[in-house]
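Colleague: After the structure tokens below, expect a handful of questions from me.
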Amino acid sequence: MPKIDLAAIEQTNRTGYPAPFAAAVADRWVRRLGLAAGLADFGVSHVVLKPGAASSQRHWHEDEDEFVVMLSGEAVLIEEEGREVMQAGDMAAFPKGHPDGHHLVNESGSDCAFLAFGRVPIGDAHYPDIDLRWSGGRYSHKDGRPF
């Protein structure tokens, strides 16, 4: 059956971010729907942000398009140009190669949930606010030193 049983998919707060950058996403809970459904060309994740949690460090990808749909609650989309409140039904697109770092932060007192669409990035990701870089399938300092 193609219908997805959300409760049957593992919910995890694992991250690949090195310390101290992992702390911002410690209360981000993710279910990898695309993997569970056998999708190969793109991923879909169900993400819950507890109050105070971020979806990621603010970033942009050279080669990955991203798209989010808010399902419930409220989060603040933070980009170079400012901040925008996102509520249930709101959507945002982040085209690959557009150098405008973005992330969602739950600044409310309640959980929020959204769907994130994309794929595993092959190319570089940039983190304008912190000394972090994704390149060659791993995180490093911006000058290339490993963590």
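We label chains A, B, ... in the order they appear in the structure tokens, count residues from 1 in each chain, and number ligands from 1 in the order shown.
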What lies within 10 Å of Asp143 in chain A using only C-alpha atoms, ignoring chain neighbours under 2 positions off, as an MDAnalysis selection string?

Modeller: chainID A and resid 131:133 140:141 145:146

Colleague: Those same residues - N, CA and C atoms - I'd like them written as a PDB file, in the first residue's frame.

Modeller:
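This is the output file part01.pdb:
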```pdb
ATOM      1  N   ASP A 131      31.630  28.811  11.117  1.00  0.00           N
ATOM      2  CA  ASP A 131      32.810  28.226  10.490  1.00  0.00           C
ATOM      3  C   ASP A 131      32.536  26.762  10.152  1.00  0.00           C
ATOM      4  N   LEU A 132      31.714  26.563   9.112  1.00  0.00           N
ATOM      5  CA  LEU A 132      31.317  25.218   8.712  1.00  0.00           C
ATOM      6  C   LEU A 132      31.160  25.185   7.200  1.00  0.00           C
ATOM      7  N   ARG A 133      31.530  24.047   6.645  1.00  0.00           N
ATOM      8  CA  ARG A 133      31.441  23.832   5.204  1.00  0.00           C
ATOM      9  C   ARG A 133      31.115  22.361   4.966  1.00  0.00           C
ATOM     10  N   SER A 140      33.663  20.268   7.335  1.00  0.00           N
ATOM     11  CA  SER A 140      34.973  20.759   7.721  1.00  0.00           C
ATOM     12  C   SER A 140      34.844  22.224   8.103  1.00  0.00           C
ATOM     13  N   HIS A 141      35.950  22.774   8.591  1.00  0.00           N
ATOM     14  CA  HIS A 141      36.020  24.222   8.776  1.00  0.00           C
ATOM     15  C   HIS A 141      36.056  24.864   7.385  1.00  0.00           C
ATOM     16  N   ARG A 145      40.106  22.534   7.214  1.00  0.00           N
ATOM     17  CA  ARG A 145      40.548  21.676   8.328  1.00  0.00           C
ATOM     18  C   ARG A 145      39.402  20.788   8.780  1.00  0.00           C
ATOM     19  N   PRO A 146      39.674  19.505   9.032  1.00  0.00           N
ATOM     20  CA  PRO A 146      38.611  18.615   9.498  1.00  0.00           C
ATOM     21  C   PRO A 146      38.241  18.888  10.940  1.00  0.00           C
TER      22      PRO A 146
END
```

Colleague: Identify, on the basis of only C-alpha atoms, every residue whose closest approach to Phe94 in chain A does not exceed 9 Å; exclude the query and any residue fewer than 3 positions from it along the same chain; express the result as an MDAnalysis selection string.

Modeller: chainID A and resid 60:61 64:68 97:98 100 102

Colleague: Go ahead and save the picked residues with all heavy atoms, as a CSV table (one decimal), in the first residue's frame.

Modeller:
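Result written to result18.csv:
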```csv
chain,number,residue,atom,x,y,z
A,60,TRP,N,23.0,27.2,2.4
A,60,TRP,CA,22.5,27.1,1.0
A,60,TRP,C,23.3,26.1,0.3
A,60,TRP,O,24.5,25.8,0.6
A,60,TRP,CB,22.5,28.5,0.3
A,60,TRP,CG,23.8,29.1,0.0
A,60,TRP,CD1,24.5,29.9,0.9
A,60,TRP,CD2,24.6,29.0,-1.2
A,60,TRP,NE1,25.7,30.3,0.3
A,60,TRP,CE2,25.7,29.8,-0.9
A,60,TRP,CE3,24.4,28.3,-2.4
A,60,TRP,CZ2,26.8,29.9,-1.9
A,60,TRP,CZ3,25.5,28.4,-3.3
A,60,TRP,CH2,26.6,29.2,-3.1
A,61,HIS,N,22.7,25.5,-0.7
A,61,HIS,CA,23.3,24.4,-1.5
A,61,HIS,C,23.7,24.8,-2.9
A,61,HIS,O,22.9,25.5,-3.6
A,61,HIS,CB,22.4,23.2,-1.6
A,61,HIS,CG,22.1,22.5,-0.3
A,61,HIS,ND1,23.0,21.6,0.3
A,61,HIS,CD2,21.1,22.6,0.5
A,61,HIS,CE1,22.4,21.2,1.5
A,61,HIS,NE2,21.3,21.8,1.6
A,64,GLU,N,21.4,21.5,-4.8
A,64,GLU,CA,20.2,20.8,-4.3
A,64,GLU,C,19.1,21.9,-4.1
A,64,GLU,O,19.2,22.9,-3.4
A,64,GLU,CB,20.4,20.2,-2.9
A,64,GLU,CG,19.1,19.5,-2.4
A,64,GLU,CD,19.2,19.2,-0.9
A,64,GLU,OE1,20.1,19.6,-0.2
A,64,GLU,OE2,18.2,18.6,-0.4
A,65,ASP,N,18.0,21.6,-4.8
A,65,ASP,CA,16.8,22.4,-4.6
A,65,ASP,C,16.1,21.9,-3.3
A,65,ASP,O,16.2,20.7,-3.0
A,65,ASP,CB,15.8,22.2,-5.7
A,65,ASP,CG,16.2,22.8,-7.0
A,65,ASP,OD1,16.9,23.9,-7.0
A,65,ASP,OD2,15.9,22.3,-8.1
A,66,GLU,N,15.5,22.8,-2.6
A,66,GLU,CA,14.8,22.5,-1.3
A,66,GLU,C,13.4,23.1,-1.4
A,66,GLU,O,13.3,24.2,-1.9
A,66,GLU,CB,15.5,22.9,-0.1
A,66,GLU,CG,16.9,22.2,0.1
A,66,GLU,CD,17.6,22.8,1.3
A,66,GLU,OE1,18.2,23.9,1.2
A,66,GLU,OE2,17.5,22.1,2.4
A,67,PHE,N,12.4,22.5,-0.8
A,67,PHE,CA,11.1,23.0,-0.7
A,67,PHE,C,10.5,22.5,0.6
A,67,PHE,O,10.7,21.4,1.0
A,67,PHE,CB,10.3,22.4,-1.9
A,67,PHE,CG,8.9,23.0,-2.1
A,67,PHE,CD1,8.8,24.2,-2.8
A,67,PHE,CD2,7.8,22.4,-1.5
A,67,PHE,CE1,7.5,24.7,-3.0
A,67,PHE,CE2,6.5,23.0,-1.7
A,67,PHE,CZ,6.4,24.1,-2.4
A,68,VAL,N,9.8,23.5,1.3
A,68,VAL,CA,9.1,23.1,2.6
A,68,VAL,C,7.7,23.5,2.6
A,68,VAL,O,7.3,24.5,1.9
A,68,VAL,CB,9.8,23.7,3.8
A,68,VAL,CG1,11.3,23.2,4.0
A,68,VAL,CG2,9.8,25.2,3.8
A,97,GLY,N,22.0,26.7,-5.9
A,97,GLY,CA,22.9,27.8,-6.4
A,97,GLY,C,22.6,29.2,-6.0
A,97,GLY,O,23.3,30.1,-6.3
A,98,HIS,N,21.5,29.4,-5.4
A,98,HIS,CA,21.1,30.8,-4.9
A,98,HIS,C,21.7,31.0,-3.6
A,98,HIS,O,21.4,30.4,-2.6
A,98,HIS,CB,19.6,30.9,-4.8
A,98,HIS,CG,19.1,32.3,-4.5
A,98,HIS,ND1,19.3,33.4,-5.3
A,98,HIS,CD2,18.5,32.7,-3.3
A,98,HIS,CE1,18.8,34.4,-4.7
A,98,HIS,NE2,18.4,34.1,-3.5
A,100,ASP,N,21.7,32.4,-0.7
A,100,ASP,CA,20.9,33.0,0.3
A,100,ASP,C,20.7,32.0,1.4
A,100,ASP,O,19.8,31.2,1.3
A,100,ASP,CB,19.6,33.6,-0.2
A,100,ASP,CG,18.9,34.4,0.8
A,100,ASP,OD1,19.4,34.5,2.0
A,100,ASP,OD2,17.8,35.0,0.5
A,102,HIS,N,19.5,29.9,4.5
A,102,HIS,CA,18.1,29.9,5.1
A,102,HIS,C,18.0,28.8,6.1
A,102,HIS,O,18.8,27.8,6.1
A,102,HIS,CB,17.1,29.6,4.0
A,102,HIS,CG,17.3,28.2,3.3
A,102,HIS,ND1,18.2,28.2,2.2
A,102,HIS,CD2,17.0,27.0,3.6
A,102,HIS,CE1,18.3,26.9,1.9
A,102,HIS,NE2,17.5,26.2,2.7
```

Colleague: Which is closer to Cys112 in chain A than all the others in A:Gly43, A:Gly73, A:Pro51, A:Gly82, using only C-alpha atoms?

Modeller: A:Gly73

Colleague: Mind checking which residues fall within 12 Å of range 18-29 of chain A, counting only C-alpha atoms, ignoring those fewer than 5 positions away in the same chain, and posting them as a PyMOL selection string?

Modeller: chain A and resi 9-13+45-58+103-106+111-115+127+129-134+138-141+146-147

Colleague: With distances taken over only C-alpha atoms, which of A:Gly118, A:Met86, A:Pro95, A:Arg31 is nearest to Leu71 in chain A?

Modeller: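 Nearest candidate to Leu71 in chain A out of A:Gly118, A:Met86, A:Pro95, A:Arg31: A:Met86.
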
Colleague: Give the strand (DSSP E or B) residues of chain A, as DSSP finds them on the backbone, and put them as number ranges by chain.

Modeller: A: 12, 28-32, 43-49, 54, 59-61, 66-72, 74-79, 82-87, 91-94, 102-105, 112-118, 125-127, 132-135, 138-140, 146

Colleague: Neighbours of Gly89 in chain A within 7 Å (only C-alpha atoms; same-chain residues fewer than 2 positions away dropped), as an MDAnalysis selection string?

Modeller: chainID A and resid 69:71 87 91

Colleague: Taking into account only C-alpha atoms, which residue in the set A:Ala125, A:Val30, A:Ala116, A:Ile4 is nearest to Gly101 in chain A?

Modeller: A:Ala125

Colleague: Can you measure CA of Pro2 in chain A to CA of Leu35 in chain A for me? One decimal in Å is fine.

Modeller: 12.9 Å

Colleague: Measuring atom to atom with only C-alpha atoms, identify which of A:Pro121, A:Gly16, A:Pro99, A:Gly109 is nearest to Phe42 in chain A.

Modeller: A:Pro121

Colleague: Pick the closest to Val76 in chain A from A:Gly38, A:Ala88, A:Glu107, A:Leu33: which is it, counting only C-alpha atoms?

Modeller: A:Glu107

Colleague: Just give me the gap between CA of Leu6 in chain A and CA of Ser72 in chain A in Å, one decimal is fine.

Modeller: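 Between these atoms lies a distance of 15.2 Å.
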
Colleague: Nearest to Asp124 in chain A among A:Glu74, A:Asp63, A:Asp90, A:Glu80, with distances taken over only C-alpha atoms: which residue is it?

Modeller: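 Checking each candidate against Asp124 in chain A, we get A:Asp63 as the closest.
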